[in-house]
$ cat run04.cif   # mmCIF, C-alpha atoms
data_entry
loop_
_atom_site.label_atom_id
_atom_site.label_comp_id
_atom_site.auth_asym_id
_atom_site.auth_seq_id
_atom_site.Cartn_x
_atom_site.Cartn_y
_atom_site.Cartn_z
CA MET A 1 22.33 -27.11 -18.65
CA LEU A 2 23.37 -24.45 -16.16
CA VAL A 3 19.75 -23.86 -15.17
CA HIS A 4 19.31 -27.58 -14.56
CA LEU A 5 22.44 -27.74 -12.42
CA ARG A 6 21.29 -24.73 -10.42
CA ARG A 7 17.93 -26.35 -9.74
CA GLN A 8 19.63 -29.56 -8.64
CA ALA A 9 21.94 -27.58 -6.37
CA GLN A 10 18.99 -25.80 -4.79
CA GLN A 11 17.19 -29.11 -4.34
CA TYR A 12 20.14 -30.91 -2.67
CA PRO A 13 22.14 -28.21 -0.82
CA ARG A 14 23.83 -30.63 1.59
CA LEU A 15 25.07 -32.86 -1.21
CA VAL A 16 26.48 -29.83 -3.02
CA GLU A 17 28.25 -28.74 0.19
CA VAL A 18 29.83 -32.17 0.66
CA VAL A 19 31.04 -32.32 -2.95
CA PHE A 20 32.44 -28.80 -2.69
CA LEU A 21 34.39 -29.59 0.50
CA LEU A 22 35.78 -32.79 -1.03
CA LEU A 23 37.01 -30.82 -4.04
CA VAL A 24 38.63 -28.23 -1.75
CA TRP A 25 40.30 -31.01 0.26
CA ALA A 26 41.55 -32.76 -2.89
CA ALA A 27 42.93 -29.55 -4.42
CA THR A 28 44.59 -28.52 -1.17
CA SER A 29 46.09 -31.88 -0.17
CA ASN A 30 47.61 -32.30 -3.63
CA GLN A 31 49.86 -29.35 -2.85
CA TYR A 32 51.30 -30.94 0.30
CA ARG A 33 54.76 -31.60 -1.12
CA ARG A 34 58.00 -30.58 0.44
CA THR A 35 59.91 -27.80 -1.25
CA GLY A 36 62.40 -29.08 -3.86
CA THR A 37 61.00 -32.65 -3.89
CA ASP A 38 58.08 -34.49 -5.40
CA SER A 39 57.44 -36.59 -2.33
CA MET A 40 54.12 -36.18 -0.55
CA TRP A 41 54.06 -34.96 3.02
CA TRP A 42 51.51 -37.38 4.44
CA PRO A 43 50.73 -35.56 7.72
CA GLY A 44 49.52 -32.76 5.53
CA PHE A 45 46.56 -34.85 4.48
CA VAL A 46 45.45 -34.98 8.09
CA ILE A 47 45.88 -31.23 8.47
CA ALA A 48 43.99 -30.67 5.21
CA GLY A 49 41.16 -32.86 6.50
CA VAL A 50 40.96 -30.90 9.76
CA VAL A 51 41.04 -27.56 7.92
CA CYS A 52 38.36 -28.58 5.43
CA ALA A 53 36.26 -30.12 8.21
CA SER A 54 36.05 -26.68 9.82
CA LEU A 55 34.64 -25.06 6.68
CA PRO A 56 30.98 -26.16 7.26
CA ALA A 57 31.00 -23.89 10.34
CA ARG A 58 32.08 -20.85 8.32
CA ARG A 59 28.54 -19.45 8.13
CA ARG A 60 27.98 -19.51 11.90
CA HIS A 61 31.54 -18.68 13.03
CA PRO A 62 33.32 -17.08 10.07
CA GLY A 63 36.07 -15.41 12.12
CA LEU A 64 37.00 -18.63 13.94
CA VAL A 65 37.10 -20.62 10.69
CA VAL A 66 39.37 -17.99 9.10
CA SER A 67 41.74 -18.34 12.03
CA LEU A 68 41.75 -22.16 11.86
CA THR A 69 42.35 -22.31 8.11
CA THR A 70 45.14 -19.73 8.40
CA LEU A 71 46.77 -21.71 11.21
CA GLY A 72 46.60 -24.94 9.17
CA THR A 73 48.16 -23.19 6.17
CA VAL A 74 50.98 -21.86 8.37
CA LEU A 75 51.65 -25.36 9.76
CA VAL A 76 51.86 -26.83 6.27
CA GLY A 77 54.00 -23.94 5.00
CA SER A 78 56.43 -24.28 7.91
CA GLN A 79 57.18 -27.81 6.71
CA GLY A 80 58.34 -26.55 3.36
CA CYS A 81 55.15 -26.77 1.29
CA LEU A 82 54.85 -24.01 -1.28
CA ILE A 83 52.13 -21.51 -0.30
CA GLY A 84 50.18 -20.93 -3.49
CA PRO A 85 46.57 -20.28 -4.46
CA LEU A 86 45.51 -23.94 -4.11
CA LEU A 87 47.06 -24.24 -0.67
CA LEU A 88 45.30 -20.99 0.27
CA LEU A 89 41.96 -22.27 -1.01
CA PRO A 90 40.46 -23.00 2.47
CA VAL A 91 41.53 -19.52 3.62
CA ILE A 92 39.98 -17.97 0.52
CA VAL A 93 36.66 -19.79 1.08
CA ALA A 94 36.55 -18.81 4.77
CA LEU A 95 37.54 -15.20 4.03
CA TYR A 96 34.80 -14.92 1.40
CA GLU A 97 32.18 -16.05 3.93
CA LEU A 98 33.60 -13.66 6.51
CA THR A 99 33.19 -10.76 4.06
CA LEU A 100 29.54 -11.68 3.49
CA ARG A 101 28.64 -11.91 7.16
CA SER A 102 30.87 -9.46 9.04
CA GLY A 103 31.58 -5.76 9.04
CA GLN A 104 34.38 -4.04 7.17
CA ARG A 105 36.44 -3.53 10.31
CA ALA A 106 36.45 -7.24 11.17
CA VAL A 107 37.38 -8.15 7.59
CA LEU A 108 40.25 -5.65 7.58
CA ILE A 109 41.66 -6.97 10.88
CA HIS A 110 41.55 -10.58 9.69
CA CYS A 111 43.20 -9.67 6.38
CA LEU A 112 46.07 -7.92 8.16
CA CYS A 113 46.52 -10.87 10.54
CA ILE A 114 46.57 -13.34 7.64
CA ALA A 115 49.17 -11.27 5.80
CA LEU A 116 51.38 -10.88 8.88
CA VAL A 117 51.26 -14.62 9.59
CA LEU A 118 51.57 -16.05 6.08
CA LEU A 119 54.04 -13.61 4.52
CA PRO A 120 57.10 -14.58 6.65
CA THR A 121 56.36 -18.27 6.10
CA SER A 122 56.00 -17.79 2.36
CA LEU A 123 59.28 -15.81 2.08
CA ARG A 124 61.23 -18.32 4.18
CA TRP A 125 60.34 -21.41 2.16
CA ASP A 126 60.41 -19.90 -1.30
CA SER A 127 62.50 -22.31 -3.34
CA GLU A 128 62.03 -20.49 -6.61
CA GLY A 129 64.02 -17.48 -5.48
CA ASP A 130 61.37 -15.00 -6.62
CA PRO A 131 61.77 -11.40 -5.51
CA TRP A 132 60.04 -10.68 -2.21
CA VAL A 133 57.94 -7.98 -3.92
CA ASP A 134 56.39 -10.63 -6.13
CA GLN A 135 55.64 -12.76 -3.09
CA VAL A 136 53.97 -9.84 -1.32
CA VAL A 137 51.89 -8.90 -4.37
CA SER A 138 50.83 -12.51 -4.98
CA LEU A 139 49.80 -13.08 -1.37
CA ALA A 140 47.97 -9.73 -1.22
CA PHE A 141 46.13 -10.60 -4.43
CA TRP A 142 44.84 -13.95 -3.12
CA ILE A 143 43.82 -12.38 0.19
CA LEU A 144 42.03 -9.42 -1.38
CA LEU A 145 40.31 -11.46 -4.13
CA PRO A 146 37.69 -13.13 -1.87
CA VAL A 147 37.22 -9.85 0.00
CA MET A 148 36.49 -7.91 -3.18
CA TYR A 149 34.24 -10.60 -4.61
CA GLY A 150 32.43 -11.02 -1.29
CA SER A 151 31.90 -7.27 -1.04
CA ALA A 152 30.43 -7.21 -4.55
CA VAL A 153 28.10 -10.12 -3.75
CA ARG A 154 27.08 -8.48 -0.48
CA SER A 155 26.32 -5.18 -2.23
CA ARG A 156 24.35 -7.02 -4.89
CA ARG A 157 22.28 -8.83 -2.28
CA ALA A 158 21.65 -5.61 -0.40
CA TYR A 159 20.52 -3.96 -3.63
CA LEU A 160 18.18 -6.83 -4.50
CA ASN A 161 16.76 -6.82 -0.97
CA ALA A 162 16.18 -3.08 -1.20
CA VAL A 163 14.47 -3.49 -4.58
CA GLN A 164 12.29 -6.27 -3.21
CA ALA A 165 11.43 -4.21 -0.14
CA ARG A 166 10.46 -1.24 -2.33
CA ALA A 167 8.39 -3.52 -4.57
CA GLU A 168 6.58 -4.99 -1.56
CA GLN A 169 6.00 -1.52 -0.15
CA ALA A 170 4.67 -0.30 -3.50
CA GLU A 171 2.39 -3.32 -3.68
CA ARG A 172 1.09 -2.64 -0.18
CA ILE A 173 0.49 1.01 -1.09
CA LEU A 174 -1.40 -0.02 -4.23
CA GLU A 175 -3.51 -2.46 -2.23
CA GLU A 176 -4.27 0.20 0.37
CA GLU A 177 -5.17 2.69 -2.34
CA ALA A 178 -7.41 0.12 -4.01
CA ARG A 179 -9.15 -0.64 -0.72
CA HIS A 180 -9.51 3.09 -0.09
CA ARG A 181 -11.03 3.64 -3.54
CA VAL A 182 -13.43 0.73 -2.98
CA TYR A 183 -14.37 2.14 0.42
CA GLU A 184 -14.96 5.62 -1.03
CA GLU A 185 -17.04 4.16 -3.85
CA ARG A 186 -19.14 2.17 -1.41
CA ILE A 187 -19.69 5.29 0.69
CA ARG A 188 -20.62 7.27 -2.42
CA ILE A 189 -23.16 4.68 -3.58
CA ALA A 190 -24.53 4.26 -0.05
CA ARG A 191 -24.91 8.04 0.24
CA GLU A 192 -26.68 8.20 -3.12
CA LEU A 193 -29.00 5.34 -2.18
CA HIS A 194 -29.77 6.98 1.15
CA ASP A 195 -30.61 10.30 -0.48
CA VAL A 196 -32.83 8.71 -3.12
CA VAL A 197 -34.64 6.25 -0.86
CA ALA A 198 -34.99 8.53 2.18
CA HIS A 199 -36.28 11.46 0.16
CA HIS A 200 -38.83 9.60 -1.92
CA MET A 201 -40.01 7.35 0.90
CA ALA A 202 -40.46 10.29 3.26
CA LEU A 203 -42.27 12.21 0.54
CA ALA A 204 -44.46 9.22 -0.33
CA ASN A 205 -45.26 8.68 3.35
CA ALA A 206 -46.26 12.31 3.76
CA GLN A 207 -48.41 12.24 0.61
CA ALA A 208 -50.09 9.00 1.65
CA GLY A 209 -50.81 10.38 5.12
CA THR A 210 -52.25 13.61 3.73
CA ALA A 211 -54.39 11.70 1.23
CA ALA A 212 -55.73 9.44 3.97
CA HIS A 213 -56.57 12.48 6.10
CA LEU A 214 -58.44 14.21 3.25
CA TYR A 215 -60.12 11.09 1.82
CA ARG A 216 -63.45 11.61 3.57
CA THR A 217 -63.67 15.41 3.60
CA ARG A 218 -61.96 16.39 0.34
CA PRO A 219 -61.89 13.38 -1.99
CA GLU A 220 -60.91 15.45 -5.04
CA GLN A 221 -57.83 16.83 -3.30
CA ALA A 222 -57.01 13.36 -1.96
CA HIS A 223 -57.23 11.98 -5.52
CA ALA A 224 -54.81 14.64 -6.75
CA ILE A 225 -52.38 13.80 -3.95
CA LEU A 226 -52.59 10.09 -4.82
CA ALA A 227 -51.75 10.98 -8.40
CA GLU A 228 -48.70 12.85 -7.13
CA LEU A 229 -47.87 9.78 -5.01
CA THR A 230 -47.72 7.68 -8.16
CA VAL A 231 -45.31 10.17 -9.71
CA THR A 232 -43.20 10.14 -6.54
CA THR A 233 -42.91 6.35 -6.41
CA THR A 234 -42.18 6.17 -10.14
CA GLU A 235 -39.39 8.72 -9.75
CA ALA A 236 -38.06 6.82 -6.75
CA LEU A 237 -37.88 3.58 -8.73
CA ARG A 238 -36.18 5.31 -11.66
CA GLU A 239 -33.49 6.96 -9.54
CA LEU A 240 -33.03 3.79 -7.48
CA GLN A 241 -32.52 1.75 -10.63
CA ALA A 242 -30.01 4.28 -11.98
CA THR A 243 -28.08 4.30 -8.70
CA VAL A 244 -28.02 0.52 -8.27
CA GLY A 245 -26.86 0.30 -11.87
CA LEU A 246 -23.54 1.75 -10.71
CA LEU A 247 -22.72 -1.60 -9.15
CA ARG A 248 -22.77 -3.21 -12.60
CA GLU A 249 -20.69 -0.56 -14.33
CA SER A 250 -16.90 -0.64 -14.67
CA ASP A 251 -16.78 3.14 -14.90
CA THR A 252 -17.24 4.56 -11.40
CA THR A 253 -16.60 8.21 -12.19
CA GLN A 254 -19.02 10.99 -11.43
CA GLU A 255 -20.32 10.88 -15.01
CA SER A 256 -21.64 7.36 -14.37
CA LEU A 257 -24.48 8.97 -12.38
CA GLU A 258 -25.87 10.65 -15.50
CA PRO A 259 -28.48 11.88 -15.91
CA ALA A 260 -27.68 13.55 -12.58
CA PRO A 261 -30.17 15.97 -11.04
CA GLY A 262 -29.20 19.56 -10.37
CA LEU A 263 -30.66 22.85 -9.18
CA ASP A 264 -32.57 23.10 -12.45
CA ARG A 265 -34.95 20.55 -10.91
CA LEU A 266 -35.48 22.61 -7.77
CA ASP A 267 -38.96 23.68 -8.89
CA ASP A 268 -40.03 20.04 -9.29
CA LEU A 269 -38.67 19.29 -5.83
CA VAL A 270 -40.60 22.19 -4.32
CA ALA A 271 -43.78 21.09 -6.09
CA ALA A 272 -43.41 17.53 -4.81
CA PHE A 273 -43.08 18.67 -1.19
CA ALA A 274 -45.94 21.10 -1.66
CA ALA A 275 -48.14 18.18 -2.70
CA ALA A 276 -47.19 16.48 0.58
CA GLY A 277 -48.29 19.51 2.60
CA LEU A 278 -44.93 21.24 3.11
CA HIS A 279 -45.02 24.81 1.80
CA LEU A 280 -41.69 26.14 0.62
CA THR A 281 -40.38 29.56 -0.31
CA VAL A 282 -37.28 30.02 -2.44
CA ASP A 283 -35.13 33.18 -2.50
CA THR A 284 -32.17 33.68 -4.81
CA ASP A 285 -29.62 36.45 -4.21
CA GLY A 286 -27.06 37.39 -6.81
CA PRO A 287 -26.86 36.45 -10.47
CA ARG A 288 -27.06 32.71 -11.07
CA GLN A 289 -23.83 31.16 -12.29
CA PRO A 290 -23.24 27.85 -14.05
CA LEU A 291 -22.08 25.09 -11.73
CA SER A 292 -19.95 22.07 -12.45
CA ALA A 293 -21.76 18.73 -12.62
CA GLY A 294 -20.40 17.64 -9.24
CA THR A 295 -21.26 20.87 -7.45
CA ASP A 296 -24.71 21.01 -9.07
CA LEU A 297 -25.49 17.46 -7.94
CA THR A 298 -24.13 18.18 -4.46
CA ALA A 299 -26.25 21.31 -4.10
CA PHE A 300 -29.41 19.51 -5.22
CA ARG A 301 -28.83 16.53 -2.91
CA ILE A 302 -28.18 18.78 0.09
CA VAL A 303 -31.41 20.70 -0.51
CA GLN A 304 -33.26 17.43 -1.06
CA GLU A 305 -31.92 15.79 2.11
CA ALA A 306 -32.49 18.93 4.21
CA LEU A 307 -36.13 19.11 3.07
CA THR A 308 -36.52 15.37 3.71
CA ASN A 309 -35.33 15.91 7.28
CA VAL A 310 -37.82 18.74 7.67
CA ALA A 311 -40.65 16.51 6.46
CA LYS A 312 -39.57 13.60 8.67
CA HIS A 313 -38.45 15.25 11.89
CA ALA A 314 -39.38 18.94 12.09
CA ALA A 315 -43.20 18.61 12.28
CA VAL A 316 -43.68 21.98 10.62
CA SER A 317 -45.79 23.17 7.69
CA THR A 318 -43.40 25.64 6.06
CA ALA A 319 -39.71 25.84 5.21
CA HIS A 320 -37.46 28.29 3.42
CA ILE A 321 -34.71 27.81 0.83
CA GLN A 322 -32.17 30.57 0.21
CA LEU A 323 -29.54 30.50 -2.55
CA VAL A 324 -26.81 33.16 -2.43
CA TYR A 325 -24.50 33.39 -5.44
CA THR A 326 -21.20 35.24 -5.16
CA ARG A 327 -18.24 35.31 -7.51
CA ASP A 328 -16.68 32.05 -6.32
CA GLN A 329 -19.18 30.53 -3.92
CA LEU A 330 -22.75 29.31 -3.62
CA ALA A 331 -24.33 29.44 -0.15
CA ILE A 332 -27.40 27.27 0.43
CA THR A 333 -29.61 27.62 3.52
CA VAL A 334 -32.62 25.41 4.24
CA SER A 335 -34.51 26.44 7.37
CA ASP A 336 -37.87 25.94 9.03
CA GLU A 337 -39.76 28.23 11.40
CA GLY A 338 -40.39 25.56 14.00
CA ASN A 339 -44.21 25.74 14.26
CA PRO A 340 -45.43 22.27 15.28
CA LEU A 341 -48.19 20.43 13.48
CA PRO A 342 -50.72 18.10 15.12
CA ARG A 343 -48.93 14.97 13.92
CA PRO A 344 -46.35 12.75 15.67
CA ARG A 345 -42.66 13.33 15.07
CA ALA A 346 -40.77 10.73 13.08
CA ARG A 347 -38.71 8.51 15.30
CA GLY A 348 -35.12 7.46 14.86
CA GLY A 349 -32.16 9.07 13.24
CA GLY A 350 -30.08 8.32 10.22
CA PHE A 351 -27.11 9.42 8.17
CA GLY A 352 -28.70 12.51 6.65
CA LEU A 353 -26.46 15.14 8.27
CA VAL A 354 -23.38 12.92 7.90
CA GLY A 355 -24.12 12.41 4.22
CA MET A 356 -24.66 16.13 3.61
CA ARG A 357 -21.35 16.98 5.29
CA GLU A 358 -19.55 14.34 3.23
CA ARG A 359 -21.07 15.69 0.04
CA ALA A 360 -20.07 19.25 0.88
CA GLN A 361 -16.50 18.22 1.74
CA SER A 362 -16.17 16.12 -1.43
CA ALA A 363 -17.11 19.23 -3.44
CA GLY A 364 -14.52 21.34 -1.61
CA GLY A 365 -16.98 23.14 0.67
CA HIS A 366 -18.35 22.75 4.17
CA LEU A 367 -21.71 22.45 5.91
CA ARG A 368 -23.20 23.68 9.19
CA ALA A 369 -26.38 22.44 10.80
CA GLY A 370 -28.08 23.35 14.07
CA ARG A 371 -30.96 25.03 15.81
CA ARG A 372 -31.66 28.69 15.17
CA PRO A 373 -31.84 31.20 18.06
CA GLU A 374 -35.28 32.32 16.92
CA GLY A 375 -36.51 28.74 16.73
CA GLY A 376 -36.47 25.99 14.20
CA PHE A 377 -33.55 24.33 12.47
CA ALA A 378 -31.21 25.45 9.68
CA VAL A 379 -28.77 23.71 7.35
CA THR A 380 -26.20 25.93 5.62
CA ALA A 381 -23.77 24.71 2.96
CA GLU A 382 -21.10 26.77 1.25
CA LEU A 383 -19.82 25.29 -2.00
CA PRO A 384 -17.19 26.58 -4.41
CA ILE A 385 -18.62 27.36 -7.81
CA HIS A 386 -15.45 26.60 -9.81
CA THR A 387 -14.12 23.10 -8.95
#

$ encode --input "run04.cif" --output "structure tokens"
Amino acid sequence: MLVHLRRQAQQYPRLVEVVFLLLVWAATSNQYRRTGTDSMWWPGFVIAGVVCASLPARRRHPGLVVSLTTLGTVLVGSQGCLIGPLLLLPVIVALYELTLRSGQRAVLIHCLCIALVLLPTSLRWDSEGDPWVDQVVSLAFWILLPVMYGSAVRSRRAYLNAVQARAEQAERILEEEARHRVYEERIRIARELHDVVAHHMALANAQAGTAAHLYRTRPEQAHAILAELTVTTTEALRELQATVGLLRESDTTQESLEPAPGLDRLDDLVAAFAAAGLHLTVDTDGPRQPLSAGTDLTAFRIVQEALTNVAKHAAVSTAHIQLVYTRDQLAITVSDEGNPLPRPRARGGGFGLVGMRERAQSAGGHLRAGRRPEGGFAVTAELPIHT
């Protein structure tokens, strides 16, 4: 029942306001009787109408409405009407609205003014002969009641607004975090696709070019290279299928890349580039240490991408890979000597260096890339072993 009434009140706010003001007017005007008699003081009905007619403006001008209702109550009280809670009802309503919409200082000033104006009138026309202390306490009670209730309602509203603001802020933070996670996942998958496609396509292109060059003069060697080309394209399709499969999986953690390549496949990588005509040397300093899955994958992809860049852009026949193991760090250097070959350089750039830097940073390390003083190009990555 109460829920239904609340819905109706929210649906017809103006009708509820009119009914409320009529009830206030009826309750107030019924008290307009002269002290010691039961006769009605008819001018009081007009004053009650004027006072209640000012109440709709209490939300826009609460201080003015408090003053008008207090003045009307004083006029009625000066004619001998008993100042009680029902006669004070317009003042109470206006003072409640003032408490909701004004500061504490304004409320305090209005309360003191109301008490100073109404108390002498109430004591003068008290026909019951009650002690003046009782009159003071009663008037103070009815003045402070709307102030206390209004303060509680105001604090409650402020609390609910703060809770709502925090909830909205938390929701925005969650949405931003979700967008950030989606963005990071897209970058991770794009980086993985780039590494897989760029490496295998560059390797296949180099193998196909070498096979075409040797087809007439060394058909046996060209046949062997074409066999390696089949292996390269098959591996490319397998890794591409595994990487694209991430888009269909709900689990987007690092383990979803399994089986993930690592430095244990470095020999296969070297053999594949050797079949394409790029001769590689590998040096390892320090005792090899086990790497975490993420660091192992990062190290392999950096070596793979660096060699792919050598095959695509460096136009050299040899390159060097150096792995330096220390207690807490693995340093990887991929360099070429810069001797040009009689074949055109690959045009265009890509995201190879950007991807390698992102991989190194995601593993807690860093990467440097640039030309060497003695010629050629070098990529150096330093990765923490324990992550």

$ resolve_selection --input "run04.cif" --expression "the PyMOL selection byres ((chain A and resi 18-26) around 7)" --output "JSON, numbers by chain"
{"A": [14, 15, 16, 17, 27, 28, 29, 30, 48, 49, 52, 89, 90]}

$ resolve_selection --input "run04.cif" --expression "the PyMOL selection byres ((chain A and resi 318) around 12)" --output "PyMOL selection string"
chain A and resi 270+273-274+276-282+307+310-311+314-317+319-321+334-341+376-377

$ atom_distance --input "run04.cif" --atom1 "atom CA of A:Thr333" --atom2 "atom CA of A:Ala369"
9.5 Å

$ atom_distance --input "run04.cif" --atom1 "atom CA of A:Thr73" --atom2 "atom CA of A:Ile114"
10.1 Å

$ resolve_selection --input "run04.cif" --expression "the PyMOL selection byres ((chain A and resi 47) around 12)" --output "ChimeraX atom specification"
/A:25,28-29,32,41-46,48-54,68-77,79,87,90

$ atom_distance --input "run04.cif" --atom1 "atom CA of A:Leu203" --atom2 "atom CA of A:Pro261"
17.2 Å

$ residues_around --input "run04.cif" --residues "A:Val107" --least-positions-apart "6" --cutoff "8 Å" --atoms "all atoms listed in the file" --output "list of chain:residue names"
A:Leu95, A:Leu98, A:Thr99, A:Val147

$ closest_residue --input "run04.cif" --among "A:Cys81, A:Val163, A:Leu139, A:Ala94" --to "A:Val65" --atoms "all atoms listed in the file"
A:Ala94

$ closest_residue --input "run04.cif" --among "A:Ala275, A:Ala306, A:Leu240, A:Ile189" --to "A:His223" --atoms "only C-alpha atoms"
A:Ala275

$ residues_around --input "run04.cif" --residues "A:Gln361" --least-positions-apart "3" --cutoff "10 Å" --atoms "all atoms listed in the file" --output "ChimeraX atom specification"
/A:298,355-358,364-367,381-383

$ closest_residue --input "run04.cif" --among "A:Leu86, A:Ala57, A:Val136, A:Ala272" --to "A:Thr121" --atoms "all atoms listed in the file"
A:Val136

$ residues_around --input "run04.cif" --residues "A:Arg191" --least-positions-apart "2" --cutoff "9 Å" --atoms "only C-alpha atoms" --output "PDB file with C-alpha atoms, in the frame of the given file"
ATOM      1  CA  ARG A 186     -19.140   2.170  -1.410  1.00  0.00           C
ATOM      2  CA  ILE A 187     -19.690   5.290   0.690  1.00  0.00           C
ATOM      3  CA  ARG A 188     -20.620   7.270  -2.420  1.00  0.00           C
ATOM      4  CA  ILE A 189     -23.160   4.680  -3.580  1.00  0.00           C
ATOM      5  CA  LEU A 193     -29.000   5.340  -2.180  1.00  0.00           C
ATOM      6  CA  HIS A 194     -29.770   6.980   1.150  1.00  0.00           C
ATOM      7  CA  ASP A 195     -30.610  10.300  -0.480  1.00  0.00           C
ATOM      8  CA  VAL A 196     -32.830   8.710  -3.120  1.00  0.00           C
ATOM      9  CA  PHE A 351     -27.110   9.420   8.170  1.00  0.00           C
ATOM     10  CA  GLY A 352     -28.700  12.510   6.650  1.00  0.00           C
ATOM     11  CA  GLY A 355     -24.120  12.410   4.220  1.00  0.00           C
ATOM     12  CA  MET A 356     -24.660  16.130   3.610  1.00  0.00           C
ATOM     13  CA  GLU A 358     -19.550  14.340   3.230  1.00  0.00           C
ATOM     14  CA  ARG A 359     -21.070  15.690   0.040  1.00  0.00           C
TER      15      ARG A 359
END

$ closest_residue --input "run04.cif" --among "A:Ala202, A:His61, A:Tyr96, A:Glu192" --to "A:Val153" --atoms "all atoms listed in the file"
A:Tyr96

$ closest_residue --input "run04.cif" --among "A:Ala271, A:Leu323, A:Ala299, A:Ala360" --to "A:Gly286" --atoms "only C-alpha atoms"
A:Leu323
